[in-house]
Each structure stands twice: as structure tokens, then as C-alpha cells.
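Shown here: model_23.cif, mmCIF, C-alpha atoms and all ligand atoms.
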```cif
data_protein
loop_
_atom_site.group_PDB
_atom_site.id
_atom_site.type_symbol
_atom_site.label_atom_id
_atom_site.label_comp_id
_atom_site.auth_asym_id
_atom_site.auth_seq_id
_atom_site.Cartn_x
_atom_site.Cartn_y
_atom_site.Cartn_z
ATOM 1 C CA MET A 1 109.231 -144.094 -11.124
ATOM 2 C CA LYS A 2 107.996 -145.407 -7.788
ATOM 3 C CA THR A 3 105.292 -148.017 -7.290
ATOM 4 C CA PHE A 4 102.806 -148.054 -4.448
ATOM 5 C CA PHE A 5 102.723 -151.585 -3.040
ATOM 6 C CA ILE A 6 99.365 -151.969 -1.319
ATOM 7 C CA SER A 7 98.415 -154.850 0.957
ATOM 8 C CA HIS A 8 97.091 -155.570 4.443
ATOM 9 C CA PRO A 9 97.698 -158.254 7.121
ATOM 10 C CA ASP A 10 93.951 -159.046 7.029
ATOM 11 C CA CYS A 11 94.490 -160.563 3.570
ATOM 12 C CA LEU A 12 96.461 -163.346 5.287
ATOM 13 C CA GLN A 13 93.555 -164.260 7.586
ATOM 14 C CA HIS A 14 91.303 -165.663 4.836
ATOM 15 C CA ARG A 15 91.793 -169.436 4.860
ATOM 16 C CA ALA A 16 90.229 -172.668 3.664
ATOM 17 C CA PRO A 17 89.554 -175.539 6.093
ATOM 18 C CA SER A 18 92.335 -177.648 4.571
ATOM 19 C CA ALA A 19 95.204 -177.335 2.094
ATOM 20 C CA HIS A 20 94.102 -175.045 -0.706
ATOM 21 C CA PRO A 21 96.055 -173.476 -3.581
ATOM 22 C CA GLU A 22 94.680 -169.992 -2.859
ATOM 23 C CA CYS A 23 96.535 -169.734 0.446
ATOM 24 C CA PRO A 24 98.037 -166.953 2.609
ATOM 25 C CA GLU A 25 101.525 -168.211 1.774
ATOM 26 C CA ARG A 26 101.087 -166.713 -1.707
ATOM 27 C CA LEU A 27 101.490 -163.210 -0.317
ATOM 28 C CA ASP A 28 104.416 -164.316 1.857
ATOM 29 C CA ALA A 29 106.136 -165.742 -1.239
ATOM 30 C CA ILE A 30 105.780 -162.358 -2.945
ATOM 31 C CA ASP A 31 107.187 -160.533 0.085
ATOM 32 C CA ASP A 32 110.139 -162.934 0.270
ATOM 33 C CA GLN A 33 111.043 -162.327 -3.376
ATOM 34 C CA LEU A 34 110.721 -158.559 -2.958
ATOM 35 C CA ILE A 35 113.358 -158.628 -0.226
ATOM 36 C CA ARG A 36 115.621 -160.948 -2.195
ATOM 37 C CA SER A 37 115.368 -158.916 -5.399
ATOM 38 C CA GLY A 38 116.557 -155.589 -4.029
ATOM 39 C CA ILE A 39 113.518 -153.786 -5.481
ATOM 40 C CA GLU A 40 112.353 -152.393 -2.119
ATOM 41 C CA PRO A 41 113.853 -148.886 -2.579
ATOM 42 C CA TRP A 42 111.467 -148.349 -5.516
ATOM 43 C CA LEU A 43 108.357 -149.367 -3.591
ATOM 44 C CA ARG A 44 106.156 -147.273 -1.342
ATOM 45 C CA HIS A 45 104.191 -149.532 1.012
ATOM 46 C CA ARG A 46 100.626 -148.613 1.925
ATOM 47 C CA GLU A 47 97.998 -150.445 4.004
ATOM 48 C CA ALA A 48 94.712 -151.157 2.278
ATOM 49 C CA PRO A 49 91.566 -149.535 3.718
ATOM 50 C CA LEU A 50 88.248 -151.388 3.927
ATOM 51 C CA VAL A 51 86.142 -150.908 0.820
ATOM 52 C CA THR A 52 82.872 -149.060 1.503
ATOM 53 C CA ARG A 53 79.416 -150.378 0.712
ATOM 54 C CA GLU A 54 78.917 -147.484 -1.698
ATOM 55 C CA GLN A 55 82.056 -148.498 -3.603
ATOM 56 C CA LEU A 56 80.911 -152.140 -3.776
ATOM 57 C CA LEU A 57 77.420 -151.172 -4.965
ATOM 58 C CA ARG A 58 78.888 -149.714 -8.172
ATOM 59 C CA VAL A 59 79.770 -153.296 -9.099
ATOM 60 C CA HIS A 60 77.723 -155.773 -7.054
ATOM 61 C CA ASP A 61 74.026 -156.174 -6.334
ATOM 62 C CA ALA A 62 72.964 -155.217 -2.804
ATOM 63 C CA ALA A 63 71.424 -158.652 -2.300
ATOM 64 C CA TYR A 64 74.733 -160.360 -3.067
ATOM 65 C CA ILE A 65 76.671 -158.138 -0.648
ATOM 66 C CA ASP A 66 74.024 -158.726 2.044
ATOM 67 C CA ALA A 67 74.081 -162.491 1.545
ATOM 68 C CA LEU A 68 77.860 -162.581 1.770
ATOM 69 C CA GLU A 69 77.874 -160.491 4.961
ATOM 70 C CA GLU A 70 75.105 -162.496 6.583
ATOM 71 C CA GLY A 71 76.613 -165.829 5.539
ATOM 72 C CA ILE A 72 79.944 -165.372 7.303
ATOM 73 C CA PRO A 73 80.291 -168.431 9.551
ATOM 74 C CA GLY A 74 81.504 -168.489 13.123
ATOM 75 C CA PRO A 75 84.999 -169.454 14.299
ATOM 76 C CA GLY A 76 86.232 -172.774 12.967
ATOM 77 C CA ARG A 77 83.386 -173.102 10.483
ATOM 78 C CA TRP A 78 83.262 -172.627 6.735
ATOM 79 C CA ALA A 79 80.709 -171.953 4.035
ATOM 80 C CA THR A 80 81.231 -172.357 0.305
ATOM 81 C CA LEU A 81 80.028 -169.789 -2.194
ATOM 82 C CA ASP A 82 79.816 -171.863 -5.334
ATOM 83 C CA GLY A 83 79.163 -175.313 -3.943
ATOM 84 C CA GLY A 84 82.811 -176.056 -4.670
ATOM 85 C CA ASP A 85 86.063 -174.807 -3.210
ATOM 86 C CA THR A 86 85.398 -171.063 -2.919
ATOM 87 C CA TYR A 87 85.487 -171.062 0.862
ATOM 88 C CA VAL A 88 84.356 -168.338 3.222
ATOM 89 C CA GLY A 89 85.497 -168.404 6.845
ATOM 90 C CA GLU A 90 85.181 -166.020 9.772
ATOM 91 C CA HIS A 91 87.888 -163.627 8.479
ATOM 92 C CA SER A 92 87.063 -163.840 4.761
ATOM 93 C CA LEU A 93 84.776 -160.813 4.544
ATOM 94 C CA GLN A 94 87.374 -158.572 6.153
ATOM 95 C CA ALA A 95 90.064 -159.875 3.762
ATOM 96 C CA ALA A 96 87.811 -159.310 0.744
ATOM 97 C CA GLN A 97 86.980 -155.794 1.949
ATOM 98 C CA ARG A 98 90.719 -155.043 2.216
ATOM 99 C CA ALA A 99 91.402 -156.549 -1.238
ATOM 100 C CA ALA A 100 88.798 -154.341 -2.911
ATOM 101 C CA GLY A 101 89.762 -151.368 -0.731
ATOM 102 C CA ALA A 102 93.386 -151.752 -1.861
ATOM 103 C CA VAL A 103 92.395 -151.193 -5.469
ATOM 104 C CA VAL A 104 90.317 -148.133 -4.586
ATOM 105 C CA LEU A 105 93.344 -146.714 -2.755
ATOM 106 C CA GLY A 106 95.595 -147.644 -5.698
ATOM 107 C CA VAL A 107 93.374 -145.660 -8.056
ATOM 108 C CA ASP A 108 93.329 -142.690 -5.675
ATOM 109 C CA LEU A 109 97.125 -142.716 -5.266
ATOM 110 C CA VAL A 110 97.940 -143.094 -8.959
ATOM 111 C CA LEU A 111 95.544 -140.317 -9.938
ATOM 112 C CA GLU A 112 97.071 -138.017 -7.315
ATOM 113 C CA ASN A 113 100.717 -138.912 -8.080
ATOM 114 C CA SER A 114 101.490 -138.946 -11.790
ATOM 115 C CA THR A 115 104.979 -140.370 -11.231
ATOM 116 C CA HIS A 116 103.684 -143.526 -9.592
ATOM 117 C CA THR A 117 102.104 -146.829 -10.529
ATOM 118 C CA ALA A 118 100.412 -149.174 -8.039
ATOM 119 C CA PHE A 119 100.374 -152.903 -7.372
ATOM 120 C CA CYS A 120 97.810 -154.459 -5.025
ATOM 121 C CA SER A 121 99.216 -157.592 -3.394
ATOM 122 C CA VAL A 122 95.913 -158.913 -2.116
ATOM 123 C CA ARG A 123 93.720 -161.960 -1.708
ATOM 124 C CA PRO A 124 91.093 -163.238 -2.150
ATOM 125 C CA PRO A 125 91.386 -162.565 -5.883
ATOM 126 C CA GLY A 126 88.476 -161.003 -7.762
ATOM 127 C CA HIS A 127 88.097 -161.552 -11.494
ATOM 128 C CA HIS A 128 85.664 -164.491 -11.326
ATOM 129 C CA ALA A 129 83.206 -162.568 -9.121
ATOM 130 C CA GLY A 130 80.276 -161.185 -11.105
ATOM 131 C CA ARG A 131 77.492 -158.760 -10.213
ATOM 132 C CA ASP A 132 75.596 -161.218 -8.068
ATOM 133 C CA TYR A 133 77.878 -164.166 -7.556
ATOM 134 C CA GLY A 134 81.216 -165.232 -6.175
ATOM 135 C CA MET A 135 83.131 -168.213 -7.552
ATOM 136 C CA GLY A 136 86.622 -169.401 -8.456
ATOM 137 C CA PHE A 137 88.148 -168.289 -5.110
ATOM 138 C CA CYS A 138 86.769 -164.732 -5.725
ATOM 139 C CA LEU A 139 84.334 -162.832 -3.451
ATOM 140 C CA PHE A 140 84.351 -159.199 -4.633
ATOM 141 C CA ASN A 141 85.579 -158.135 -8.060
ATOM 142 C CA ASN A 142 88.515 -156.034 -6.902
ATOM 143 C CA VAL A 143 89.654 -154.711 -10.276
ATOM 144 C CA ALA A 144 86.112 -153.744 -11.317
ATOM 145 C CA VAL A 145 85.537 -151.934 -8.013
ATOM 146 C CA GLY A 146 88.681 -149.905 -8.744
ATOM 147 C CA ALA A 147 87.700 -149.203 -12.353
ATOM 148 C CA MET A 148 84.226 -147.993 -11.374
ATOM 149 C CA HIS A 149 85.751 -145.835 -8.641
ATOM 150 C CA ALA A 150 87.985 -144.192 -11.269
ATOM 151 C CA LEU A 151 84.953 -143.461 -13.453
ATOM 152 C CA GLU A 152 82.433 -142.440 -10.790
ATOM 153 C CA ALA A 153 84.538 -140.780 -8.080
ATOM 154 C CA HIS A 154 87.332 -139.308 -10.212
ATOM 155 C CA GLY A 155 85.326 -138.544 -13.339
ATOM 156 C CA LEU A 156 87.563 -140.403 -15.779
ATOM 157 C CA SER A 157 86.025 -141.115 -19.174
ATOM 158 C CA ARG A 158 87.735 -144.350 -20.217
ATOM 159 C CA VAL A 159 89.383 -147.153 -18.234
ATOM 160 C CA ALA A 160 90.997 -150.218 -19.828
ATOM 161 C CA ILE A 161 91.271 -153.498 -17.912
ATOM 162 C CA VAL A 162 93.724 -156.101 -19.194
ATOM 163 C CA ASP A 163 93.494 -159.573 -17.655
ATOM 164 C CA PHE A 164 96.410 -161.934 -18.322
ATOM 165 C CA ASP A 165 95.458 -164.553 -15.701
ATOM 166 C CA VAL A 166 95.322 -168.011 -17.311
ATOM 167 C CA HIS A 167 91.572 -168.170 -16.572
ATOM 168 C CA HIS A 168 88.946 -166.062 -18.325
ATOM 169 C CA GLY A 169 87.883 -163.022 -16.307
ATOM 170 C CA ASN A 170 84.228 -163.988 -16.510
ATOM 171 C CA GLY A 171 83.156 -161.911 -13.518
ATOM 172 C CA THR A 172 84.825 -158.783 -14.842
ATOM 173 C CA GLU A 173 83.220 -159.381 -18.227
ATOM 174 C CA ASP A 174 79.822 -159.772 -16.536
ATOM 175 C CA ILE A 175 80.250 -156.383 -14.852
ATOM 176 C CA VAL A 176 81.797 -154.312 -17.666
ATOM 177 C CA ARG A 177 80.104 -155.798 -20.732
ATOM 178 C CA ASP A 178 78.383 -153.157 -22.863
ATOM 179 C CA ASP A 179 79.671 -150.239 -20.770
ATOM 180 C CA PRO A 180 81.485 -148.127 -23.403
ATOM 181 C CA ARG A 181 83.546 -146.372 -20.720
ATOM 182 C CA LEU A 182 85.403 -149.641 -20.137
ATOM 183 C CA LEU A 183 87.486 -151.785 -22.463
ATOM 184 C CA PHE A 184 88.175 -155.314 -21.242
ATOM 185 C CA CYS A 185 90.804 -157.578 -22.772
ATOM 186 C CA SER A 186 91.277 -161.092 -21.361
ATOM 187 C CA SER A 187 93.675 -163.789 -22.550
ATOM 188 C CA PHE A 188 93.047 -167.282 -21.207
ATOM 189 C CA GLN A 189 93.343 -171.026 -21.714
ATOM 190 C CA HIS A 190 90.396 -172.514 -23.588
ATOM 191 C CA PRO A 191 88.601 -174.814 -23.223
ATOM 192 C CA PHE A 192 89.169 -174.545 -19.483
ATOM 193 C CA TYR A 193 87.609 -173.290 -16.259
ATOM 194 C CA PRO A 194 85.318 -171.299 -16.095
ATOM 195 C CA HIS A 195 84.347 -172.296 -19.665
ATOM 196 C CA THR A 196 83.275 -168.793 -20.692
ATOM 197 C CA GLY A 197 84.542 -166.109 -23.023
ATOM 198 C CA ALA A 198 84.965 -167.992 -26.289
ATOM 199 C CA ASP A 199 81.723 -166.735 -27.812
ATOM 200 C CA THR A 200 81.255 -163.300 -26.218
ATOM 201 C CA ARG A 201 79.845 -160.677 -28.577
ATOM 202 C CA SER A 202 80.373 -157.227 -27.127
ATOM 203 C CA ASP A 203 82.109 -154.184 -28.611
ATOM 204 C CA ASN A 204 84.055 -153.457 -25.424
ATOM 205 C CA VAL A 205 85.243 -157.009 -24.701
ATOM 206 C CA ILE A 206 88.227 -158.564 -26.457
ATOM 207 C CA ASN A 207 88.684 -162.179 -25.478
ATOM 208 C CA LEU A 208 91.715 -164.188 -26.532
ATOM 209 C CA PRO A 209 90.959 -167.894 -25.976
ATOM 210 C CA LEU A 210 94.213 -169.831 -26.426
ATOM 211 C CA PRO A 211 94.903 -173.581 -26.430
ATOM 212 C CA ARG A 212 96.741 -175.480 -23.718
ATOM 213 C CA ASP A 213 100.550 -175.384 -24.071
ATOM 214 C CA THR A 214 100.429 -171.770 -25.284
ATOM 215 C CA ASP A 215 103.916 -170.358 -24.824
ATOM 216 C CA GLY A 216 105.221 -166.825 -24.607
ATOM 217 C CA ALA A 217 105.732 -166.426 -28.352
ATOM 218 C CA ALA A 218 102.148 -167.424 -29.139
ATOM 219 C CA LEU A 219 100.699 -165.227 -26.388
ATOM 220 C CA ARG A 220 102.781 -162.244 -27.445
ATOM 221 C CA ALA A 221 101.671 -162.637 -31.063
ATOM 222 C CA MET A 222 97.982 -162.683 -30.110
ATOM 223 C CA VAL A 223 98.280 -159.767 -27.707
ATOM 224 C CA THR A 224 100.203 -157.765 -30.310
ATOM 225 C CA GLU A 225 97.614 -158.471 -32.985
ATOM 226 C CA ARG A 226 94.363 -158.136 -31.029
ATOM 227 C CA CYS A 227 94.857 -156.388 -27.721
ATOM 228 C CA LEU A 228 97.480 -153.661 -28.115
ATOM 229 C CA PRO A 229 95.947 -151.911 -31.176
ATOM 230 C CA ALA A 230 92.540 -151.858 -29.451
ATOM 231 C CA LEU A 231 94.083 -150.315 -26.339
ATOM 232 C CA GLU A 232 95.846 -147.648 -28.412
ATOM 233 C CA ALA A 233 92.609 -146.819 -30.225
ATOM 234 C CA PHE A 234 90.627 -146.720 -26.970
ATOM 235 C CA ASP A 235 92.985 -144.009 -25.632
ATOM 236 C CA PRO A 236 92.404 -144.848 -21.933
ATOM 237 C CA ASP A 237 92.658 -142.404 -19.031
ATOM 238 C CA LEU A 238 93.858 -145.262 -16.809
ATOM 239 C CA ILE A 239 95.092 -148.810 -17.397
ATOM 240 C CA MET A 240 94.278 -151.517 -14.876
ATOM 241 C CA ILE A 241 95.721 -155.024 -14.911
ATOM 242 C CA SER A 242 94.204 -158.223 -13.547
ATOM 243 C CA ALA A 243 97.631 -159.689 -12.942
ATOM 244 C CA GLY A 244 97.319 -163.443 -12.613
ATOM 245 C CA PHE A 245 100.516 -165.459 -12.844
ATOM 246 C CA ASP A 246 98.996 -168.948 -13.043
ATOM 247 C CA GLY A 247 99.944 -169.271 -16.715
ATOM 248 C CA HIS A 248 103.532 -169.811 -15.587
ATOM 249 C CA LEU A 249 105.248 -172.965 -16.820
ATOM 250 C CA GLU A 250 105.792 -174.111 -13.212
ATOM 251 C CA ASP A 251 102.147 -173.531 -12.188
ATOM 252 C CA ASP A 252 100.153 -176.762 -12.453
ATOM 253 C CA MET A 253 96.791 -175.026 -11.965
ATOM 254 C CA ALA A 254 96.676 -174.709 -15.768
ATOM 255 C CA ASN A 255 98.670 -175.565 -18.874
ATOM 256 C CA PHE A 256 100.301 -172.444 -20.305
ATOM 257 C CA ARG A 257 104.074 -172.283 -20.670
ATOM 258 C CA LEU A 258 104.837 -168.670 -19.753
ATOM 259 C CA VAL A 259 107.973 -167.549 -17.910
ATOM 260 C CA GLU A 260 108.976 -164.365 -16.084
ATOM 261 C CA ALA A 261 110.233 -162.770 -19.320
ATOM 262 C CA ASP A 262 106.731 -163.058 -20.781
ATOM 263 C CA TYR A 263 105.168 -161.213 -17.828
ATOM 264 C CA GLU A 264 107.933 -158.639 -18.165
ATOM 265 C CA TRP A 265 107.072 -158.174 -21.849
ATOM 266 C CA LEU A 266 103.331 -157.892 -21.167
ATOM 267 C CA THR A 267 103.956 -155.360 -18.424
ATOM 268 C CA ARG A 268 106.302 -153.285 -20.583
ATOM 269 C CA GLU A 269 103.772 -153.120 -23.431
ATOM 270 C CA LEU A 270 100.958 -152.041 -21.077
ATOM 271 C CA HIS A 271 103.189 -149.601 -19.226
ATOM 272 C CA GLY A 272 104.189 -148.078 -22.569
ATOM 273 C CA ILE A 273 100.555 -147.567 -23.524
ATOM 274 C CA ALA A 274 99.894 -145.997 -20.124
ATOM 275 C CA GLN A 275 102.810 -143.618 -20.651
ATOM 276 C CA ARG A 276 101.690 -142.633 -24.152
ATOM 277 C CA HIS A 277 98.004 -142.204 -23.327
ATOM 278 C CA CYS A 278 97.536 -141.429 -19.642
ATOM 279 C CA ASP A 279 100.680 -140.038 -17.989
ATOM 280 C CA GLY A 280 101.726 -143.538 -16.946
ATOM 281 C CA ARG A 281 98.634 -144.116 -14.799
ATOM 282 C CA LEU A 282 98.521 -147.860 -14.152
ATOM 283 C CA VAL A 283 97.055 -149.926 -11.317
ATOM 284 C CA SER A 284 97.787 -153.650 -11.218
ATOM 285 C CA VAL A 285 95.890 -156.132 -9.061
ATOM 286 C CA LEU A 286 96.978 -159.647 -8.112
ATOM 287 C CA GLU A 287 94.659 -162.439 -9.305
ATOM 288 C CA GLY A 288 95.906 -166.046 -9.556
ATOM 289 C CA GLY A 289 99.358 -167.609 -9.297
ATOM 290 C CA TYR A 290 99.741 -170.740 -7.184
ATOM 291 C CA ALA A 291 103.293 -172.033 -7.681
ATOM 292 C CA LEU A 292 104.828 -170.026 -4.872
ATOM 293 C CA SER A 293 108.370 -169.516 -6.172
ATOM 294 C CA ALA A 294 107.198 -168.771 -9.725
ATOM 295 C CA LEU A 295 104.580 -166.368 -8.350
ATOM 296 C CA GLY A 296 107.143 -164.417 -6.341
ATOM 297 C CA ARG A 297 109.611 -164.229 -9.245
ATOM 298 C CA SER A 298 106.897 -163.231 -11.718
ATOM 299 C CA VAL A 299 105.570 -160.458 -9.476
ATOM 300 C CA VAL A 300 109.102 -159.096 -9.103
ATOM 301 C CA ALA A 301 109.550 -159.147 -12.907
ATOM 302 C CA HIS A 302 106.230 -157.283 -13.206
ATOM 303 C CA LEU A 303 107.208 -154.724 -10.554
ATOM 304 C CA LYS A 304 110.647 -154.092 -12.046
ATOM 305 C CA VAL A 305 108.967 -152.874 -15.223
ATOM 306 C CA LEU A 306 106.370 -150.822 -13.332
ATOM 307 C CA THR A 307 109.146 -148.967 -11.526
ATOM 308 C CA GLU A 308 110.982 -148.114 -14.784
ATOM 309 C CA GLU A 309 110.947 -144.525 -16.011
HETATM 310 ZN ZN ZN B 1 93.565 -167.890 -12.619
#
```
Would you mind writing the structure in this file as C-alpha cells?
Amino acid sequence: MKTFFISHPDCLQHRAPSAHPECPERLDAIDDQLIRSGIEPWLRHREAPLVTREQLLRVHDAAYIDALEEGIPGPGRWATLDGGDTYVGEHSLQAAQRAAGAVVLGVDLVLENSTHTAFCSVRPPGHHAGRDYGMGFCLFNNVAVGAMHALEAHGLSRVAIVDFDVHHGNGTEDIVRDDPRLLFCSSFQHPFYPHTGADTRSDNVINLPLPRDTDGAALRAMVTERCLPALEAFDPDLIMISAGFDGHLEDDMANFRLVEADYEWLTRELHGIAQRHCDGRLVSVLEGGYALSALGRSVVAHLKVLTEE
């Protein structure tokens, strides 16, 4: 099986005014590990298009999109979306449009090529962005834009989104909650930023709040008990992954103790469900992951499984 590897040089142009964990070097670290790993022959590289306004409007309020577009600062200046460290600079809108556009293209490619999966190596990430807000380094909700594109433009009936970033996918939950066409499963450290998800009551949201120091064995047990049976029962037409690798033992953004083998296991379980239920259709989207070496190695572990038959 081949995997479409979708990215764009514009995703490197989004920067903060000073040292920031969500940096362009993250994508370089992934590229470096791809070359080192020998996985390149199984990848098909594609450049991400710009997302369209119509595609964004399936997920975000017009007023939010307008405010983001109008608030883009001039050269050498920065604005912040959440009053904190979610920076927007002169190239940030273009990067965010490529990041969301990558996922739209990934959905198109996977639905047209049943022998392929897709991985979107993009930034800024997306899962903290809700209908009318950006936060947590996220501007547009990339994975949700892709999921809604699959439903609205391709006529799919059911799309599952699995989020294994160490932070709760609060923005994705905000967008998909109570839409029975979507099943959302998010595992995350709790209590922890963004302090949501522990008390959600919605039939299509499965949240797995887990304590600090959660290791691979504990995560696997919870996913096996709560997430995998729900995915099987949901019988999705497409599986999408919010692939955040900041739960890695070496990543000091949070306090999980996962290693590459755990991401490999997660990927294999989700890939297996995709193969049993939807001809292997799977689109994965980069979220967090800030320890550069661990990020690169984890993405390679993830991709090795996605390219398996
Ligand atoms: Zn995260």
C-alpha cells in the first residue's frame, strides 16, 4: 500500500516572534527521518492546495474566518489569537489555508485511490480550533474540514475521527458534537490544557481522560476497551486521525510516557478497522509533537504501518 504524503513549503513560513515549540523545524525533523528510514519508496508526495472559503464554512463561522483574514499583521508584526501564545504573522493565513487544504486533498485522493492512505505533514495544527475561535497554536480545524468535505462533497455517511494527541481535541469536539454522521474519540492527559473533555455528554463523542504518567500499556487498555469497539460498531466509511505525538516520553510539553511502539500499535489498530470497514480509507493529520527527534521517529513508525498491506 502506498501513502500520499501531503505538505507545502508555505507551512514552514508560519512563525512566532521568538522561540516557540510549534516551529517550522518540526516539519524538517519529519522530513529528515523519512530520508533516514528508507520509507520514501512507499510515499507519494503531493503539494497541498489552498483550502476554499466554501470548505472552511462547513466548519467555521464566517465572522471568525473574516476576523482572521482581516487581522493578519504586516511584515515583522504579530497578533495573538487567544491572548496567549497562538501567534499569527504575515504568512500564517497562507500556512493555515495550506494545512486545511492538505486534508481536503488527502480525502479526495484516498477516496479516489482505494489502495492508498494519506498523511498530512502540516502546520499550524488544528484540533483546538472550534467553530468561532482559534487557540492552542491552531487556526483552522484541519481534520474537521476534511471530515466535513468527505460528508458534504463525497456523500459519505459516516466518518470517524480518532485523536491521540496528548491534549483534548476540544475544537474538534465543538464542531462535531451531536452530529450523528461523525464519531469522535479523543484520548488525552487530564487534568491538563485545555481543561475540557472530562464531562462531555454526547452520544458521538468518546473522551478518554487519562492521568499524567500514562504509559503505553494503560493507553492501549483504555483504547481497546472504549474506543475500538465503538469504532467497529460505528462502521465508518472513512477513518481520520488527529495524529499528535506530544504524548511521547521525550516530549516535555506534557507528561505521558508513550514511545514509538505505542504509536505503531495505535496506527495498526485503526488501520485494521479501516481495512475491515472502509476499504482501508484512512487520512491522518499531524497535530502536536514538539520533541523534534521523537516526533520524526514517531511519524515514521506511524507511516510504516500506514504503508503496510
Ligand atoms: Zn497536543
Mind giving me the axis-aligned box for range 197-212 of chain A with 3 Å on every side, centre plus edges in Å to one decimal, as JSON?
```
{"center_x": 88.3, "center_y": -164.5, "center_z": -25.8, "size_x": 22.9, "size_y": 28.0, "size_z": 11.6}
```
Checklist entry - Using only C-alpha atoms, can you list as a PyMOL selection string the residues within 9 Å of (110.1, -161.0, -15.1)? => result chain A and resi 259-265+267+297-305
Item to check | Nearest to Leu231 in chain A, chosen from A:Ile161, A:Ala29, A:Val51, A:Leu210, with all atoms listed in the file counted in the distances | outcome: A:Ile161
Next on the checklist: Can you pull out every residue with an atom within 9 Å of ligand ZN 1 (chain B)? Use all atoms listed in the file and format it as a PyMOL selection string.
Outcome noted: chain A and resi 125+127-128+136+164-169+188+193+244-247+253-254+287-290
Item to check | For Leu249 in chain A: contacts at 8 Å, only C-alpha atoms, fewer than 4 positions along chain excluded, given as number ranges by chain | outcome: A: 255-259
Item to check | Residue nearest Arg26 in chain A among A:His154, A:Arg123, A:Arg281, A:Arg46 (counting only C-alpha atoms) | outcome: A:Arg123
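Across A:Val283, A:Ala147, A:Val59, A:Ala95, the tightest approach to Gly171 in chain A is made by A:Val59 when counting all atoms listed in the file.
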Step by step, work through what the PyMOL selection byres (((chain A and resi 180) around 10) and not hetatm) selects in the shown file, and finish by giving those residues as a compact mmCIF listing (two decimals) with C-alpha atoms, keeping the file's coordinate frame.
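Dumped to part-v4.txt:
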```txt
# COMPACT_ATOMS: atom_id res chain seq x y z
CA SER A 157 86.02 -141.12 -19.17
CA ARG A 158 87.74 -144.35 -20.22
CA VAL A 159 89.38 -147.15 -18.23
CA VAL A 176 81.80 -154.31 -17.67
CA ARG A 177 80.10 -155.80 -20.73
CA ASP A 178 78.38 -153.16 -22.86
CA ASP A 179 79.67 -150.24 -20.77
CA ARG A 181 83.55 -146.37 -20.72
CA LEU A 182 85.40 -149.64 -20.14
CA LEU A 183 87.49 -151.78 -22.46
CA SER A 202 80.37 -157.23 -27.13
CA ASP A 203 82.11 -154.18 -28.61
CA ASN A 204 84.06 -153.46 -25.42
CA VAL A 205 85.24 -157.01 -24.70
CA PHE A 234 90.63 -146.72 -26.97
```
Checklist entry - What's the 9 Å shell around range 138-144 of chain A, counting all atoms listed in the file, without same-chain residues fewer than 2 positions away, as JSON, numbers by chain? => result {"A": [56, 58, 59, 60, 65, 68, 81, 86, 88, 92, 93, 96, 97, 99, 100, 101, 102, 103, 104, 123, 124, 125, 126, 127, 128, 129, 130, 131, 133, 134, 135, 136, 146, 147, 148, 149, 161, 171, 172, 175, 176, 240, 241, 242, 283, 284, 285, 287]}
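Shortest separation to Gly280 in chain A among A:Asp215, A:Asp66, A:Glu90, A:Asp237 occurs at residue A:Asp237, atoms counted being only C-alpha atoms.
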Item to check | Shortest interatomic distance to Ile6 in chain A - which of A:Ala118, A:Ile206, A:Val110, A:Leu266, counting only C-alpha atoms | outcome: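 Checking each of A:Ala118, A:Ile206, A:Val110, A:Leu266 against Ile6 in chain A, counting only C-alpha atoms, the winner is A:Ala118.
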Item to check | Evaluate the PyMOL selection byres (((chain A and resi 41) around 12) and not hetatm) and report residues as a list in words | outcome: Met1, Lys2, Thr3, Phe4, Phe5, Leu34, Ile35, Ser37, Gly38, Ile39, Glu40, Trp42, Leu43, Arg44, His45, Leu303, Lys304 and Thr307 of chain A
Convert the current residue selection to file output with C-alpha atoms, as a JSON list (two decimals), in the coordinates of the input.
```json
[["chain", "number", "residue", "atom", "x", "y", "z"],
["A", 1, "MET", "CA", 109.23, -144.09, -11.12],
["A", 2, "LYS", "CA", 108.00, -145.41, -7.79],
["A", 3, "THR", "CA", 105.29, -148.02, -7.29],
["A", 4, "PHE", "CA", 102.81, -148.05, -4.45],
["A", 5, "PHE", "CA", 102.72, -151.58, -3.04],
["A", 34, "LEU", "CA", 110.72, -158.56, -2.96],
["A", 35, "ILE", "CA", 113.36, -158.63, -0.23],
["A", 37, "SER", "CA", 115.37, -158.92, -5.40],
["A", 38, "GLY", "CA", 116.56, -155.59, -4.03],
["A", 39, "ILE", "CA", 113.52, -153.79, -5.48],
["A", 40, "GLU", "CA", 112.35, -152.39, -2.12],
["A", 42, "TRP", "CA", 111.47, -148.35, -5.52],
["A", 43, "LEU", "CA", 108.36, -149.37, -3.59],
["A", 44, "ARG", "CA", 106.16, -147.27, -1.34],
["A", 45, "HIS", "CA", 104.19, -149.53, 1.01],
["A", 303, "LEU", "CA", 107.21, -154.72, -10.55],
["A", 304, "LYS", "CA", 110.65, -154.09, -12.05],
["A", 307, "THR", "CA", 109.15, -148.97, -11.53]]
```
Next on the checklist: One number please: CA of Asn113 in chain A to CA of Leu12 in chain A, in Å, one decimal.
Outcome noted: 28.2 Å
Checklist entry - So how many Å separate CA of Ser186 in chain A and CA of Gly216 in chain A, to one decimal? => result 15.4 Å
Item to check | Between CA of Pro17 in chain A and CA of Pro191 in chain A, distance in Å (one decimal) | outcome: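 Rounded to one decimal, the two atoms are 29.3 Å apart.
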Checklist entry - Using all atoms listed in the file, which residues sit within 9 Å of Ala198 in chain A once same-chain residues fewer than 5 positions away are excluded, as a VMD selection string? => result chain A and resid 190 to 191 207 to 209
